[in-house]
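**Q** Have a look at this one.
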Amino acid sequence: MLSAIFFVFGLIIGSFLNVVILRLNTDRTFGGRSGCMSCQHVLSWFELIPVFSFLGLGGRCRHCKAKISIQYPIVELISGIVFLSLFLKFQNVFSSDFPIFAIVFSYYAVMFSLLLIVAVYDLRHKIIPDILSLIFGALAFIGLFFLSPGLDSMVIYPHIPSGLDFLSGFIIALPFVFFWLISSGRWMGLGDGKLALGIGWMLGLAMSLSSLVLAFWFGAIVGIIMIVVSKYKQIERVHMKSEIPFAPFLVLGAFLALIFSLNFFGIGFW
């Protein structure tokens, strides 16, 4: 029952994340009633139920029959999975120390909600908004003083982070800055480095290095698949110089590293 509650809660948050993704850097605010992107008709409550409304409407607007982007249910489902996974990771202290659970769950839920916005926005526009990287990085830096990266026990205590904790963000961002400098931005955008800085602070060196390995693995695999598929399908030709958003792979790697406490290099947690 608790798992279902957290999953549904994630679906609801995912619905709001869609609003942020679609309205960010536009003249529209994040408040107000949602409407059809084609006919602007204000949606009724039963058209706003996460996932189920999309399925019930057959993926089309009830009024103008325009297609509804598949992004809506996908983002909602991913958000639900993220919230469920965070609950399952930290459920051992849900009953024994609920206040601590509430604080840490809320922190990581906010962080990965931001990362989900970044990933989808990068997929849509091939750019990572600086404001999102700044907010994420600031929260990750603040977390250094209260959370212990890599610990499943969810220990919260005010402390001065170690030098390695401070450096972890810069170490993870360094490869992206290097690629950006030597290629003059052709190989990789600086936005990925800004995002990696916050990921390093949030996860600590051990897990963030593991997340980086996963990100490059996933990116390479998807890139190869896209090149192969484009040769046999009537779609835009993909080649080695094609621009592929990397933020989604960074976010996926960070999520898996946190949920499974990955430590590929055997680095001790401090």
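Here's how to read the names in the structure tokens: chain A, B, ... by the order shown, residue numbers from 1 in each chain, ligand numbers from 1 in the order shown.
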Quick one: everything within 12 Å of Ser148 (chain A), counting only C-alpha atoms, minus sequence neighbours fewer than 6 positions away in the same chain. Send it as JSON, numbers by chain.

**A** {"A": [104, 140, 141, 142, 154, 155, 156, 157, 158, 159, 160, 161, 162, 165, 201, 202, 203, 204, 205, 207, 269, 270]}

**Q** Quick one: everything within 10 Å of region 176-193 of chain A, counting only C-alpha atoms, minus sequence neighbours fewer than 5 positions away in the same chain. Send it as a PyMOL selection string.

**A** chain A and resi 122+126-130+133+169-171+198-199+241-247+250

**Q** Between A:Leu197, A:Ile49, A:Phe83, A:Val75, which residue has the minimum interatomic distance to Phe9 (chain A), considering only C-alpha atoms?

**A** A:Phe83

**Q** Using only C-alpha atoms, which of A:Val110, A:Leu84, A:Ile103, A:Ala119 sits nearest Gln71 (chain A)?

**A**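 Ranked by minimum distance to Gln71 (chain A), first place goes to A:Ala119.
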
**Q** Could you please determine the separation between CA of Ile70 (chain A) and CA of Phe260 (chain A) in Å, to one decimal place?

**A**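 Interatomic distance here is 28.7 Å.
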
**Q** So that I can check the secondary structure, give me every residue of region 50-167 of chain A assigned alpha helix (DSSP H) by backbone DSSP, as a ChimeraX atom specification.

**A** /A:52-56,71-90,98-125,130-143,163-167

**Q** Taking only C-alpha atoms into account, which of A:Pro175, A:Gly266, A:Gly253, A:Pro50 comes nearest Phe7 (chain A)?

**A**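 For Phe7 (chain A), the nearest of the candidates is A:Pro50.
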
**Q** Have a look at CA of Leu174 (chain A) and CA of Ser261 (chain A) and let me know their distance in Å, one decimal.

**A**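 Separation between CA of Leu174 (chain A) and CA of Ser261 (chain A): 22.4 Å.
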
**Q** So that I can check the surroundings of Leu22 (chain A), please list as a ChimeraX atom specification every protein, DNA and RNA residue that reaches within 12 Å of it, counting only C-alpha atoms and ignoring chain neighbours fewer than 5 positions away.

**A** /A:15-17,27-30,34-35,37,69,71-72,75,117-118,120-122,124-125

**Q** Any idea what's packed within 8 Å of Val8 (chain A), counting only C-alpha atoms, ignoring anything in its chain fewer than 4 positions away? Could you give it as an NGL selection string?

**A** :A and (4 or 12 or 80)

**Q** Could you write those residues out with C-alpha atoms, as a tab-separated table (two decimals), in the first residue's frame?

**A**
chain	number	residue	atom	x	y	z
A	4	ALA	CA	1.46	2.34	-4.31
A	12	ILE	CA	1.11	13.51	-9.70
A	80	GLY	CA	6.37	7.59	-10.34

**Q** What does the structure give for the distance between CA of Ala254 (chain A) and CA of Leu212 (chain A), in Å to one decimal?

**A**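 Calculated distance between CA of Ala254 (chain A) and CA of Leu212 (chain A) is 7.6 Å.
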
**Q** Of the candidates A:Cys64, A:Leu116, A:Cys36, A:Ile259, which one gets nearest to Val20 (chain A) if we count only C-alpha atoms?

**A**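 Among the listed residues, A:Leu116 lies closest to Val20 (chain A).
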
**Q** Pick out the residues sitting within 12 Å of region 255-258 of chain A, and hand them over as a ChimeraX atom specification; count only C-alpha atoms, and ignore anything fewer than 6 positions along from it in its own chain.

**A** /A:78-79,81-83,85-86,89-90,108-109,111-113,115-116,119,149-152,199-200,202-215,218,248-249,264
